[in-house]
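With TSV, C-alpha atoms inside, this is run-v2.tsv:
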```
chain	number	residue	atom	x	y	z
A	1	MET	CA	-28.21	-164.67	-98.09
A	2	ARG	CA	-26.49	-161.36	-98.63
A	3	TYR	CA	-27.65	-158.00	-97.30
A	4	GLU	CA	-26.94	-154.59	-98.79
A	5	ARG	CA	-25.55	-151.48	-97.18
A	6	SER	CA	-28.24	-149.02	-96.26
A	7	GLU	CA	-28.35	-145.71	-98.13
A	8	LYS	CA	-27.52	-143.97	-94.83
A	9	ARG	CA	-24.40	-146.10	-94.47
A	10	GLU	CA	-23.46	-145.59	-98.13
A	11	SER	CA	-23.86	-141.85	-97.72
A	12	ALA	CA	-21.71	-141.85	-94.58
A	13	GLY	CA	-19.08	-143.92	-96.39
A	14	ARG	CA	-18.98	-141.40	-99.25
A	15	ARG	CA	-18.44	-138.53	-96.78
A	16	PHE	CA	-15.45	-140.32	-95.26
A	17	ASP	CA	-14.10	-141.09	-98.71
A	18	GLU	CA	-14.33	-137.39	-99.62
A	19	ARG	CA	-12.55	-136.41	-96.41
A	20	PHE	CA	-9.87	-139.03	-97.15
A	21	ILE	CA	-9.27	-137.54	-100.62
A	22	GLU	CA	-9.08	-134.03	-99.12
A	23	ILE	CA	-6.48	-135.15	-96.62
A	24	LEU	CA	-4.40	-136.91	-99.27
A	25	ASP	CA	-4.47	-133.82	-101.47
A	26	GLN	CA	-3.34	-131.81	-98.44
A	27	VAL	CA	-0.38	-134.05	-97.55
A	28	ARG	CA	0.77	-135.61	-100.81
A	29	GLY	CA	4.34	-134.79	-101.78
A	30	LYS	CA	5.16	-132.54	-98.84
A	31	ARG	CA	7.36	-135.04	-97.00
A	32	PRO	CA	9.44	-138.05	-98.13
A	33	TYR	CA	6.56	-140.30	-97.14
A	34	ASP	CA	2.85	-139.53	-97.43
A	35	ALA	CA	1.72	-142.53	-95.39
A	36	LEU	CA	3.06	-145.00	-92.86
A	37	VAL	CA	1.20	-148.25	-93.43
A	38	ALA	CA	0.78	-151.04	-90.90
A	39	TYR	CA	1.59	-154.03	-93.07
A	40	SER	CA	0.88	-157.45	-91.57
A	41	GLY	CA	1.17	-159.36	-94.85
A	42	GLY	CA	-2.49	-160.30	-94.60
A	43	LYS	CA	-4.98	-159.83	-97.43
A	44	ASP	CA	-6.55	-156.59	-96.18
A	45	SER	CA	-3.34	-154.71	-95.47
A	46	THR	CA	-1.89	-155.97	-98.76
A	47	TYR	CA	-4.92	-154.63	-100.63
A	48	THR	CA	-4.65	-151.35	-98.72
A	49	LEU	CA	-0.99	-151.00	-99.79
A	50	LYS	CA	-1.96	-151.66	-103.40
A	51	LEU	CA	-4.73	-149.05	-103.30
A	52	LEU	CA	-2.55	-146.41	-101.69
A	53	LYS	CA	0.25	-146.96	-104.18
A	54	GLU	CA	-1.64	-147.51	-107.41
A	55	ARG	CA	-4.94	-145.66	-107.02
A	56	TYR	CA	-3.91	-142.81	-104.73
A	57	LYS	CA	-0.28	-142.49	-105.91
A	58	LEU	CA	1.20	-142.09	-102.44
A	59	GLU	CA	4.79	-142.45	-101.28
A	60	LEU	CA	4.63	-145.18	-98.69
A	61	LEU	CA	6.63	-146.60	-95.84
A	62	ALA	CA	5.26	-150.01	-94.88
A	63	VAL	CA	6.03	-151.33	-91.39
A	64	THR	CA	5.62	-154.93	-90.31
A	65	VAL	CA	5.82	-155.85	-86.64
A	66	ASP	CA	6.91	-159.47	-86.49
A	67	GLN	CA	5.64	-160.49	-83.08
A	68	GLY	CA	7.13	-163.96	-83.44
A	69	PHE	CA	4.00	-165.51	-84.92
A	70	VAL	CA	3.96	-164.26	-88.49
A	71	SER	CA	3.72	-167.30	-90.73
A	72	SER	CA	6.45	-168.25	-93.20
A	73	ALA	CA	3.98	-167.90	-96.05
A	74	ALA	CA	3.03	-164.41	-94.85
A	75	LEU	CA	6.71	-163.40	-94.62
A	76	GLU	CA	7.13	-164.56	-98.20
A	77	ASN	CA	4.06	-162.55	-99.22
A	78	ILE	CA	5.43	-159.47	-97.49
A	79	LYS	CA	8.71	-159.72	-99.40
A	80	THR	CA	6.99	-160.36	-102.73
A	81	VAL	CA	4.43	-157.58	-102.40
A	82	THR	CA	6.76	-154.85	-101.15
A	83	GLU	CA	9.20	-155.66	-103.95
A	84	ARG	CA	6.47	-155.78	-106.60
A	85	LEU	CA	5.02	-152.45	-105.48
A	86	ASP	CA	8.50	-150.99	-104.94
A	87	ILE	CA	7.66	-149.80	-101.44
A	88	ASP	CA	10.12	-148.94	-98.68
A	89	HIS	CA	9.60	-151.42	-95.88
A	90	TYR	CA	10.74	-151.77	-92.26
A	91	MET	CA	10.49	-155.09	-90.44
A	92	VAL	CA	10.47	-154.61	-86.67
A	93	ARG	CA	11.08	-157.56	-84.37
A	94	PRO	CA	10.41	-156.74	-80.72
A	95	GLY	CA	12.18	-158.91	-78.15
A	96	SER	CA	10.53	-162.31	-78.32
A	97	ALA	CA	10.61	-163.02	-74.57
A	98	ALA	CA	8.81	-159.75	-73.82
A	99	LEU	CA	6.12	-160.41	-76.42
A	100	ARG	CA	5.58	-163.99	-75.30
A	101	ALA	CA	5.16	-162.69	-71.75
A	102	LEU	CA	2.77	-160.00	-73.01
A	103	PHE	CA	0.59	-162.53	-74.81
A	104	ARG	CA	0.71	-165.09	-71.97
A	105	ASN	CA	-0.17	-162.53	-69.33
A	106	SER	CA	-2.96	-161.09	-71.50
A	107	MET	CA	-4.74	-164.41	-71.04
A	108	THR	CA	-4.87	-164.19	-67.25
A	109	ILE	CA	-4.59	-160.53	-66.25
A	110	ASP	CA	-7.58	-158.35	-67.14
A	111	VAL	CA	-6.53	-154.89	-68.34
A	112	TYR	CA	-8.63	-154.10	-71.39
A	113	PRO	CA	-12.09	-152.53	-71.38
A	114	VAL	CA	-14.91	-155.00	-71.89
A	115	LYS	CA	-15.83	-153.24	-75.13
A	116	ALA	CA	-12.33	-153.80	-76.52
A	117	LEU	CA	-12.79	-157.53	-75.90
A	118	GLU	CA	-15.92	-157.46	-78.06
A	119	ARG	CA	-13.73	-156.46	-81.01
A	120	ALA	CA	-10.77	-158.79	-80.47
A	121	SER	CA	-9.23	-161.24	-78.01
A	122	ALA	CA	-7.00	-159.96	-75.20
A	123	ILE	CA	-3.97	-161.37	-77.02
A	124	CYS	CA	-4.94	-159.55	-80.23
A	125	ASN	CA	-5.62	-156.34	-78.28
A	126	SER	CA	-2.10	-156.58	-76.86
A	127	CYS	CA	-0.58	-157.18	-80.27
A	128	MET	CA	-2.52	-154.29	-81.83
A	129	ASN	CA	-1.52	-151.96	-79.03
A	130	VAL	CA	2.14	-152.74	-79.68
A	131	VAL	CA	1.67	-152.06	-83.40
A	132	LYS	CA	-0.41	-148.90	-82.92
A	133	SER	CA	1.98	-147.45	-80.33
A	134	LEU	CA	5.02	-148.07	-82.50
A	135	LEU	CA	3.46	-146.67	-85.66
A	136	ILE	CA	2.24	-143.50	-83.97
A	137	LYS	CA	5.71	-143.00	-82.48
A	138	MET	CA	7.38	-143.55	-85.86
A	139	ALA	CA	4.97	-141.20	-87.62
A	140	VAL	CA	5.57	-138.45	-85.06
A	141	GLU	CA	9.35	-138.84	-85.17
A	142	MET	CA	9.57	-139.11	-88.96
A	143	ARG	CA	6.88	-136.46	-89.55
A	144	ILE	CA	4.80	-138.80	-91.67
A	145	PRO	CA	1.37	-137.16	-91.95
A	146	THR	CA	-0.85	-140.26	-92.08
A	147	VAL	CA	-0.86	-143.68	-90.44
A	148	VAL	CA	-2.95	-146.18	-92.38
A	149	TYR	CA	-4.33	-149.54	-91.31
A	150	GLY	CA	-5.94	-152.29	-93.35
A	151	TRP	CA	-8.80	-153.03	-90.96
A	152	SER	CA	-11.93	-154.49	-92.52
A	153	PRO	CA	-15.32	-152.71	-92.21
A	154	GLY	CA	-16.37	-154.62	-89.12
A	155	GLN	CA	-13.13	-154.32	-87.17
A	156	ALA	CA	-13.49	-150.72	-86.04
A	157	PRO	CA	-16.33	-148.17	-86.18
A	158	LEU	CA	-16.71	-146.06	-89.31
A	159	ARG	CA	-16.26	-142.90	-87.26
A	160	SER	CA	-12.73	-143.99	-86.34
A	161	SER	CA	-11.73	-144.48	-89.97
A	162	VAL	CA	-10.55	-140.91	-90.59
A	163	PHE	CA	-9.46	-138.54	-87.85
A	164	LYS	CA	-6.59	-136.27	-86.91
A	165	THR	CA	-4.70	-136.96	-83.71
A	166	ASN	CA	-3.53	-134.19	-81.42
A	167	ALA	CA	-1.23	-133.81	-78.43
A	168	PRO	CA	-3.83	-134.05	-75.61
A	169	MET	CA	-5.48	-137.10	-77.18
A	170	LEU	CA	-2.21	-138.92	-77.86
A	171	LYS	CA	-0.86	-138.11	-74.41
A	172	LYS	CA	-3.93	-139.67	-72.80
A	173	MET	CA	-3.88	-142.71	-75.09
A	174	ASN	CA	-0.17	-143.14	-74.41
A	175	GLU	CA	-0.72	-143.04	-70.64
A	176	THR	CA	-3.49	-145.61	-70.89
A	177	THR	CA	-1.43	-147.95	-73.07
A	178	ALA	CA	1.62	-147.51	-70.83
A	179	ALA	CA	-0.49	-148.54	-67.83
A	180	TRP	CA	-1.68	-151.67	-69.66
A	181	PHE	CA	1.84	-152.63	-70.74
A	182	ASN	CA	3.22	-151.94	-67.27
A	183	THR	CA	0.62	-154.22	-65.68
A	184	LEU	CA	1.31	-156.98	-68.17
A	185	VAL	CA	5.10	-156.86	-68.61
A	186	GLY	CA	6.51	-154.03	-66.50
A	187	ASP	CA	8.50	-151.44	-68.46
A	188	ARG	CA	9.76	-153.87	-71.07
A	189	LEU	CA	7.76	-152.26	-73.88
A	190	SER	CA	8.33	-148.64	-72.92
A	191	GLY	CA	10.44	-148.17	-76.06
A	192	PHE	CA	7.29	-148.43	-78.14
A	193	LEU	CA	5.58	-145.52	-76.45
A	194	LEU	CA	5.71	-141.78	-77.01
A	195	GLU	CA	7.87	-139.83	-74.57
A	196	ASP	CA	7.64	-136.36	-73.04
A	197	ARG	CA	9.87	-134.97	-75.81
A	198	HIS	CA	7.21	-135.85	-78.39
A	199	PHE	CA	4.88	-133.37	-76.71
A	200	ALA	CA	7.45	-130.63	-76.14
A	201	ALA	CA	6.42	-128.58	-79.17
A	202	PRO	CA	2.78	-129.37	-79.92
A	203	GLU	CA	2.45	-126.22	-82.01
A	204	LYS	CA	4.58	-127.91	-84.67
A	205	ASP	CA	1.81	-130.52	-84.88
A	206	PRO	CA	3.75	-133.64	-85.86
A	207	TYR	CA	0.68	-135.71	-85.04
A	208	PRO	CA	-0.73	-137.84	-87.86
A	209	PHE	CA	-4.11	-138.56	-89.32
A	210	ILE	CA	-5.29	-142.09	-88.60
A	211	ILE	CA	-7.04	-143.73	-91.52
A	212	HIS	CA	-8.40	-147.16	-92.29
A	213	PRO	CA	-9.86	-146.83	-95.77
A	214	LEU	CA	-11.45	-150.26	-96.10
A	215	ALA	CA	-14.09	-149.10	-93.60
A	216	PHE	CA	-15.59	-146.76	-96.18
A	217	LEU	CA	-14.40	-148.07	-99.56
A	218	GLU	CA	-16.06	-150.93	-101.39
A	219	TYR	CA	-15.16	-154.17	-99.57
A	220	ASP	CA	-15.45	-157.51	-101.37
A	221	GLU	CA	-13.14	-160.31	-100.25
A	222	ARG	CA	-13.20	-162.11	-103.59
A	223	HIS	CA	-12.29	-158.92	-105.43
A	224	ILE	CA	-9.54	-158.19	-102.89
A	225	LEU	CA	-8.03	-161.65	-103.36
A	226	ASP	CA	-8.15	-161.29	-107.17
A	227	GLU	CA	-6.39	-157.92	-106.93
A	228	ILE	CA	-3.61	-158.96	-104.59
A	229	ARG	CA	-2.92	-162.18	-106.45
A	230	THR	CA	-1.73	-159.98	-109.31
A	231	LEU	CA	1.05	-158.85	-106.95
A	232	GLY	CA	2.17	-162.43	-106.41
A	233	TRP	CA	0.38	-162.72	-103.04
A	234	ASN	CA	-0.67	-166.28	-102.23
A	235	VAL	CA	-3.21	-167.49	-99.68
A	236	PRO	CA	-1.18	-168.90	-96.76
A	237	GLU	CA	-2.05	-172.42	-95.78
A	238	ASP	CA	-0.42	-172.20	-92.37
A	239	THR	CA	-2.49	-169.51	-90.62
A	240	GLY	CA	-5.79	-171.10	-89.68
A	241	SER	CA	-9.28	-169.94	-90.58
A	242	HIS	CA	-9.36	-166.34	-89.36
A	243	SER	CA	-6.09	-164.84	-90.45
A	244	SER	CA	-4.01	-164.61	-93.58
A	245	ASN	CA	-0.78	-163.86	-91.74
A	246	CYS	CA	-0.76	-164.83	-88.07
A	247	LEU	CA	-0.09	-168.18	-86.42
A	248	LEU	CA	-1.39	-166.99	-83.06
A	249	ASN	CA	-4.82	-165.82	-84.15
A	250	ASP	CA	-6.78	-169.09	-83.95
A	251	PHE	CA	-5.22	-169.83	-80.55
A	252	ALA	CA	-6.21	-166.37	-79.29
A	253	ILE	CA	-9.76	-166.94	-80.50
A	254	ALA	CA	-9.99	-170.36	-78.83
A	255	GLU	CA	-8.68	-168.90	-75.57
A	256	HIS	CA	-11.18	-166.05	-75.75
A	257	LEU	CA	-14.05	-168.45	-76.44
A	258	GLU	CA	-13.12	-170.58	-73.47
A	259	ARG	CA	-12.74	-167.60	-71.15
A	260	PHE	CA	-15.71	-165.47	-72.17
A	261	GLY	CA	-18.06	-167.82	-74.01
A	262	PHE	CA	-18.28	-165.88	-77.27
A	263	HIS	CA	-16.26	-165.61	-80.46
A	264	PRO	CA	-14.23	-162.36	-80.51
A	265	TYR	CA	-15.00	-161.85	-84.18
A	266	ALA	CA	-18.76	-162.31	-83.81
A	267	PHE	CA	-19.37	-158.56	-83.92
A	268	GLU	CA	-16.93	-157.97	-86.79
A	269	ILE	CA	-18.41	-160.76	-88.88
A	270	ALA	CA	-21.96	-159.67	-88.04
A	271	GLY	CA	-20.97	-156.19	-89.24
A	272	LEU	CA	-19.58	-157.59	-92.50
A	273	VAL	CA	-22.77	-159.60	-93.03
A	274	ARG	CA	-25.07	-156.64	-92.29
A	275	GLU	CA	-23.15	-154.47	-94.74
A	276	GLY	CA	-23.36	-157.03	-97.50
A	277	CYS	CA	-19.61	-157.73	-97.50
A	278	MET	CA	-20.13	-161.36	-96.56
A	279	ALA	CA	-22.96	-163.83	-96.97
A	280	ARG	CA	-24.66	-164.85	-93.75
A	281	GLU	CA	-23.92	-168.53	-94.32
A	282	GLU	CA	-20.22	-167.82	-94.74
A	283	GLY	CA	-20.18	-165.73	-91.57
A	284	LEU	CA	-21.76	-168.55	-89.59
A	285	GLU	CA	-19.32	-171.04	-91.05
A	286	ARG	CA	-16.32	-168.91	-90.05
A	287	LEU	CA	-17.65	-168.49	-86.53
A	288	SER	CA	-18.04	-172.23	-86.14
A	289	ALA	CA	-14.52	-173.17	-87.26
A	290	ARG	CA	-12.32	-174.52	-84.46
A	291	PRO	CA	-8.58	-175.30	-84.48
A	292	GLY	CA	-7.21	-178.76	-83.71
A	293	ALA	CA	-5.68	-179.85	-80.41
A	294	ALA	CA	-2.21	-180.34	-81.91
A	295	TYR	CA	-2.15	-176.74	-83.19
A	296	LEU	CA	-3.26	-175.40	-79.81
A	297	ALA	CA	-0.60	-177.41	-78.00
A	298	ARG	CA	2.11	-176.20	-80.37
A	299	VAL	CA	1.18	-172.54	-79.97
A	300	ARG	CA	0.96	-172.90	-76.20
A	301	SER	CA	4.48	-174.31	-76.08
A	302	LEU	CA	5.71	-171.51	-78.39
A	303	LEU	CA	4.20	-168.98	-75.97
A	304	GLU	CA	5.98	-170.68	-73.09
A	305	GLY	CA	9.22	-170.43	-75.06
A	306	GLU	CA	9.59	-174.18	-75.04
A	307	THR	CA	10.00	-174.66	-78.78
A	308	GLU	CA	11.14	-172.50	-81.69
B	1	MET	CA	-34.15	-137.11	-70.92
B	2	ASN	CA	-31.49	-134.46	-70.43
B	3	THR	CA	-28.06	-134.51	-72.06
B	4	ALA	CA	-26.18	-135.99	-69.10
B	5	SER	CA	-28.73	-138.78	-68.68
B	6	THR	CA	-28.63	-139.59	-72.39
B	7	ILE	CA	-24.85	-139.84	-72.29
B	8	ARG	CA	-24.93	-141.88	-69.10
B	9	GLN	CA	-27.41	-144.32	-70.58
B	10	PHE	CA	-25.27	-144.77	-73.71
B	11	ILE	CA	-22.10	-145.34	-71.68
B	12	VAL	CA	-23.74	-147.79	-69.28
B	13	GLU	CA	-25.48	-149.78	-72.01
B	14	ASN	CA	-22.46	-149.96	-74.31
B	15	PHE	CA	-19.40	-149.89	-72.07
B	16	VAL	CA	-20.14	-150.56	-68.40
B	17	PHE	CA	-22.50	-153.54	-68.59
B	18	GLU	CA	-23.54	-153.27	-64.96
B	19	ASP	CA	-25.30	-150.83	-62.66
B	20	GLY	CA	-24.22	-147.43	-63.95
B	21	GLY	CA	-25.67	-145.54	-61.04
B	22	SER	CA	-22.28	-145.48	-59.38
B	23	LEU	CA	-20.55	-143.98	-62.43
B	24	ALA	CA	-19.61	-140.50	-61.29
B	25	GLU	CA	-20.00	-137.55	-63.65
B	26	ASP	CA	-16.28	-136.84	-63.46
B	27	THR	CA	-14.97	-140.42	-63.77
B	28	SER	CA	-12.41	-140.56	-66.58
B	29	PHE	CA	-13.51	-143.11	-69.15
B	30	LEU	CA	-9.94	-143.83	-70.21
B	31	GLU	CA	-8.30	-143.89	-66.77
B	32	SER	CA	-11.01	-146.05	-65.25
B	33	GLY	CA	-10.72	-148.59	-68.07
B	34	ILE	CA	-14.28	-148.13	-69.27
B	35	MET	CA	-13.15	-147.33	-72.79
B	36	ASP	CA	-10.14	-147.29	-75.05
B	37	SER	CA	-9.44	-144.84	-77.88
B	38	THR	CA	-11.72	-146.72	-80.30
B	39	GLY	CA	-14.48	-146.54	-77.74
B	40	VAL	CA	-14.06	-142.77	-77.56
B	41	LEU	CA	-14.74	-142.61	-81.29
B	42	GLU	CA	-17.81	-144.78	-80.86
B	43	LEU	CA	-18.96	-142.22	-78.32
B	44	VAL	CA	-18.25	-139.44	-80.82
B	45	SER	CA	-20.36	-141.24	-83.41
B	46	PHE	CA	-23.21	-141.44	-80.90
B	47	ILE	CA	-22.89	-137.74	-80.05
B	48	GLU	CA	-22.97	-136.75	-83.73
B	49	GLU	CA	-26.01	-138.88	-84.52
B	50	THR	CA	-27.99	-138.17	-81.38
B	51	PHE	CA	-27.35	-134.46	-81.00
B	52	ALA	CA	-26.87	-133.59	-84.69
B	53	ILE	CA	-23.52	-131.91	-84.20
B	54	ALA	CA	-20.31	-132.54	-86.11
B	55	VAL	CA	-17.35	-133.10	-83.79
B	56	ALA	CA	-14.31	-131.51	-85.41
B	57	ASP	CA	-10.94	-133.22	-85.19
B	58	GLU	CA	-9.58	-130.46	-82.95
B	59	ASP	CA	-12.39	-131.18	-80.47
B	60	LEU	CA	-11.29	-134.81	-80.07
B	61	VAL	CA	-9.56	-134.07	-76.78
B	62	PRO	CA	-10.00	-135.55	-73.30
B	63	GLU	CA	-11.27	-132.21	-72.01
B	64	ASN	CA	-14.37	-132.64	-74.19
B	65	LEU	CA	-14.88	-136.37	-74.15
B	66	ASP	CA	-13.36	-138.12	-71.14
B	67	SER	CA	-16.23	-138.15	-68.63
B	68	ILE	CA	-20.00	-137.77	-68.56
B	69	GLY	CA	-19.61	-134.26	-67.20
B	70	ARG	CA	-17.10	-133.21	-69.85
B	71	VAL	CA	-19.15	-134.65	-72.70
B	72	THR	CA	-22.28	-132.96	-71.38
B	73	ARG	CA	-20.58	-129.57	-71.16
B	74	TYR	CA	-19.11	-129.98	-74.63
B	75	ILE	CA	-22.48	-130.86	-76.19
B	76	GLU	CA	-24.24	-128.02	-74.44
B	77	SER	CA	-21.59	-125.53	-75.51
B	78	ARG	CA	-21.98	-126.66	-79.11
B	79	ARG	CA	-25.75	-126.48	-78.98
B	80	GLY	CA	-25.55	-123.02	-77.58
B	81	GLU	CA	-23.66	-121.87	-80.73
```
Here is a file; write its structure as structure tokens.
Amino acid sequence: MRYERSEKRESAGRRFDERFIEILDQVRGKRPYDALVAYSGGKDSTYTLKLLKERYKLELLAVTVDQGFVSSAALENIKTVTERLDIDHYMVRPGSAALRALFRNSMTIDVYPVKALERASAICNSCMNVVKSLLIKMAVEMRIPTVVYGWSPGQAPLRSSVFKTNAPMLKKMNETTAAWFNTLVGDRLSGFLLEDRHFAAPEKDPYPFIIHPLAFLEYDERHILDEIRTLGWNVPEDTGSHSSNCLLNDFAIAEHLERFGFHPYAFEIAGLVREGCMAREEGLERLSARPGAAYLARVRSLLEGETE
Amino acid sequence: MNTASTIRQFIVENFVFEDGGSLAEDTSFLESGIMDSTGVLELVSFIEETFAIAVADEDLVPENLDSIGRVTRYIESRRGE
């Protein structure tokens, strides 16, 4: 059974699309890069890169944060796609011991708001906060006017899909994230955060727009896969059932399920089903998938630093 | 229901998940760990739909959005326009 987006939702989506086009027309060509794109190698961020390059004709800098759990197949996809699209690309590898500690401690130390844990596991929240902090910092330092993510429609609210950051907002977000990181790993990740100097001249407004276009554009997984296959992207077979790039994702889901009793993607998948982006039966099937014991044991020992 | 009560009810039902009577009007949502930045935008969406006002990007600042009291004052200032 497949639902359809309501007219109200369609109308809201069109308004965000119009705002997106306005912003692009405002920023295009003024700096070496029009957009800094969080590129995980997964299907949604790959499709986002393709759209930004081919449909919207933007100059892009793609950034991948390899948190130690990006699959070999995803790394291959990243190389293939960035070469095929001829996109400048940075690969950032934070210190592995710090990230393993971050992910381990996320499982036992509660820092995130309850609402954040409805959208993703604590481990995924930690990973996303590393990525978001780094990309905002890079955009501010390099004066890149937009930061773009490839989040699917259910992953974040529509209202968050296009907005302009500012100094007071970023300062507060930075303080909050710093407090979380400090609780989890001390000051080990402070290099990923904005510093006082980034707020020294707010009138120059180096602060980017945040955009995740898949929230308001047409979203059809089959169409997305067809499109990105033309770039040489292949479906990884080593990432489990909920990710097309990350080896940690299924483990994080299993840990969340055990700790809180619900699937962290239940709300996202319900959102995709309600908006007609996924059939209800498929959503239920995805929510029932469980990883094997051998996989869980392997990831746990990777997190403990026991195996490479 | 007045503006502050409407905001309180939304926050309690969507972010606090327990007795919200103890949530002070000046408690910072971000500092107290009630919400993260995405949650703030969910709040903005609620404000726009419930009170029929468009929150401009330049109004997305903690001064306007980071407590029940601040949100209430912001909404009332906009409605007074």
- Message: Taking 5 positions as the minimum chain separation for residues in the same chain, which residues sit within 12 Å of Leu231 (chain A) when counting all atoms listed in the file? Answer as a ChimeraX atom specification.
- Response: /A:43,46-47,49-51,54,77-86,224-226
- Task: Find the residues near Ser126 (chain A): any atom within 10 Å, counting all atoms listed in the file, skip ones fewer than 3 places away on the same chain, and give them as a list in words.
- Result: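 Once the nearby chain positions are removed, what remains is Leu99, Leu102, Phe103, Asn105, Ser106, Val111, Tyr112, Ala120, Ser121, Ala122, Ile123, Asn129, Val130, Val131, Lys132, Thr177, Trp180, Phe181 and Leu184 of chain A.
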- Task: Mind listing whatever residues come within 6 Å of the point (-18.7, -133.4, -63.5)? Use all atoms listed in the file, file coordinates, and give them as a PyMOL selection string.
- Result: chain B and resi 25-26+69
- Query: Neighbours of Leu135 (chain A) within 9 Å (all atoms listed in the file; same-chain residues fewer than 3 positions away dropped), as an NGL selection string?
  - Reply: :A and (36-38 or 63 or 130-132 or 138-140 or 147 or 192)
Residues of chain B within 10 Å of chain A: nearest atom pair and distance (Å, one decimal) for each, counting only C-alpha atoms, sorted by chain and number, as a Markdown table?
```
| residue | atom | partner | partner_atom | distance |
| --- | --- | --- | --- | --- |
| B:Asn14 | CA | A:Lys115 | CA | 7.4 |
| B:Phe15 | CA | A:Lys115 | CA | 5.8 |
| B:Val16 | CA | A:Val114 | CA | 7.7 |
| B:Phe17 | CA | A:Val114 | CA | 8.4 |
| B:Phe29 | CA | A:Pro113 | CA | 9.8 |
| B:Leu30 | CA | A:Thr176 | CA | 6.7 |
| B:Glu31 | CA | A:Thr176 | CA | 6.6 |
| B:Ser32 | CA | A:Pro113 | CA | 9.0 |
| B:Gly33 | CA | A:Pro113 | CA | 5.3 |
| B:Ile34 | CA | A:Pro113 | CA | 5.3 |
| B:Met35 | CA | A:Pro113 | CA | 5.5 |
| B:Asp36 | CA | A:Pro113 | CA | 6.7 |
| B:Ser37 | CA | A:Met173 | CA | 6.6 |
| B:Thr38 | CA | A:Ser160 | CA | 6.7 |
| B:Gly39 | CA | A:Lys115 | CA | 7.3 |
| B:Val40 | CA | A:Ser160 | CA | 9.0 |
| B:Leu41 | CA | A:Ser160 | CA | 5.6 |
| B:Glu42 | CA | A:Pro157 | CA | 6.5 |
| B:Leu43 | CA | A:Arg159 | CA | 9.4 |
| B:Val44 | CA | A:Arg159 | CA | 7.6 |
| B:Ser45 | CA | A:Arg159 | CA | 5.9 |
| B:Phe46 | CA | A:Arg159 | CA | 9.5 |
| B:Glu48 | CA | A:Arg159 | CA | 9.8 |
| B:Ala56 | CA | A:Phe163 | CA | 8.9 |
| B:Asp57 | CA | A:Lys164 | CA | 5.6 |
| B:Glu58 | CA | A:Asn166 | CA | 7.3 |
| B:Asp59 | CA | A:Asn166 | CA | 9.4 |
| B:Leu60 | CA | A:Met169 | CA | 6.9 |
| B:Val61 | CA | A:Met169 | CA | 5.1 |
| B:Pro62 | CA | A:Met169 | CA | 6.2 |
| B:Glu63 | CA | A:Pro168 | CA | 8.5 |
| B:Leu65 | CA | A:Met169 | CA | 9.9 |
| B:Asp66 | CA | A:Lys172 | CA | 9.7 |
```
- Message: Between CA of Gln26 (chain A) and CA of Glu59 (chain A), what distance in Å does the model show, to one decimal?
- Response: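 Computing the Euclidean distance for CA of Gln26 (chain A) and CA of Glu59 (chain A) yields 13.7 Å.
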- Quick one: distance from CA of Leu61 (chain A) to CA of Ser241 (chain A) in Å, one decimal?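 So the two atoms, CA of Leu61 (chain A) and CA of Ser241 (chain A), lie 28.7 Å apart.
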- Note on the structure: Computed gap from CA of His212 (chain A) to CA of Pro264 (chain A) is 20.1 Å
- Counting all atoms listed in the file, figure out which residue out of B:Thr72, B:Thr50, B:Ser77, B:Ser67 gets nearest to Ser5 (chain B). B:Thr72
- Which residue gives the smallest distance to Glu195 (chain A) among A:Lys137, A:Arg14, A:Asp250, A:Thr239, with all atoms listed in the file counted? A:Lys137
- Message: Let me make sure I understand: among A:Arg100, A:Arg31, A:Arg2, A:His242, which one has the smallest atom-to-atom distance to Cys277 (chain A) if we use all atoms listed in the file?
- Response: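 So, comparing all the options, the nearest one is A:Arg2.
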- Which of these residues is nearest to Phe251 (chain A), using only C-alpha atoms: A:Arg300, A:Arg188, A:Arg15, A:Arg286?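 With only C-alpha atoms as the atom set, the closest residue is A:Arg300.
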With the input short on atoms, add N, CA and C atoms back to region 56-63 of chain B and write it as an mmCIF file, keeping the file's coordinate frame.
```
data_model
loop_
_atom_site.group_PDB
_atom_site.id
_atom_site.type_symbol
_atom_site.label_atom_id
_atom_site.label_comp_id
_atom_site.auth_asym_id
_atom_site.auth_seq_id
_atom_site.Cartn_x
_atom_site.Cartn_y
_atom_site.Cartn_z
ATOM 1 N N ALA B 56 -15.518 -131.769 -84.608
ATOM 2 C CA ALA B 56 -14.310 -131.510 -85.410
ATOM 3 C C ALA B 56 -13.114 -132.245 -84.814
ATOM 4 N N ASP B 57 -12.141 -132.509 -85.648
ATOM 5 C CA ASP B 57 -10.940 -133.220 -85.190
ATOM 6 C C ASP B 57 -10.292 -132.513 -83.999
ATOM 7 N N GLU B 58 -10.261 -131.183 -84.035
ATOM 8 C CA GLU B 58 -9.580 -130.460 -82.950
ATOM 9 C C GLU B 58 -10.358 -130.539 -81.630
ATOM 10 N N ASP B 59 -11.604 -130.993 -81.691
ATOM 11 C CA ASP B 59 -12.390 -131.180 -80.470
ATOM 12 C C ASP B 59 -12.242 -132.579 -79.883
ATOM 13 N N LEU B 60 -11.499 -133.438 -80.567
ATOM 14 C CA LEU B 60 -11.290 -134.810 -80.070
ATOM 15 C C LEU B 60 -10.202 -134.782 -79.003
ATOM 16 N N VAL B 61 -10.514 -134.182 -77.884
ATOM 17 C CA VAL B 61 -9.560 -134.070 -76.780
ATOM 18 C C VAL B 61 -10.219 -134.546 -75.502
ATOM 19 N N PRO B 62 -9.426 -135.038 -74.549
ATOM 20 C CA PRO B 62 -10.000 -135.550 -73.300
ATOM 21 C C PRO B 62 -10.866 -134.520 -72.574
ATOM 22 N N GLU B 63 -10.498 -133.268 -72.680
ATOM 23 C CA GLU B 63 -11.270 -132.210 -72.010
ATOM 24 C C GLU B 63 -12.737 -132.229 -72.446
#
```
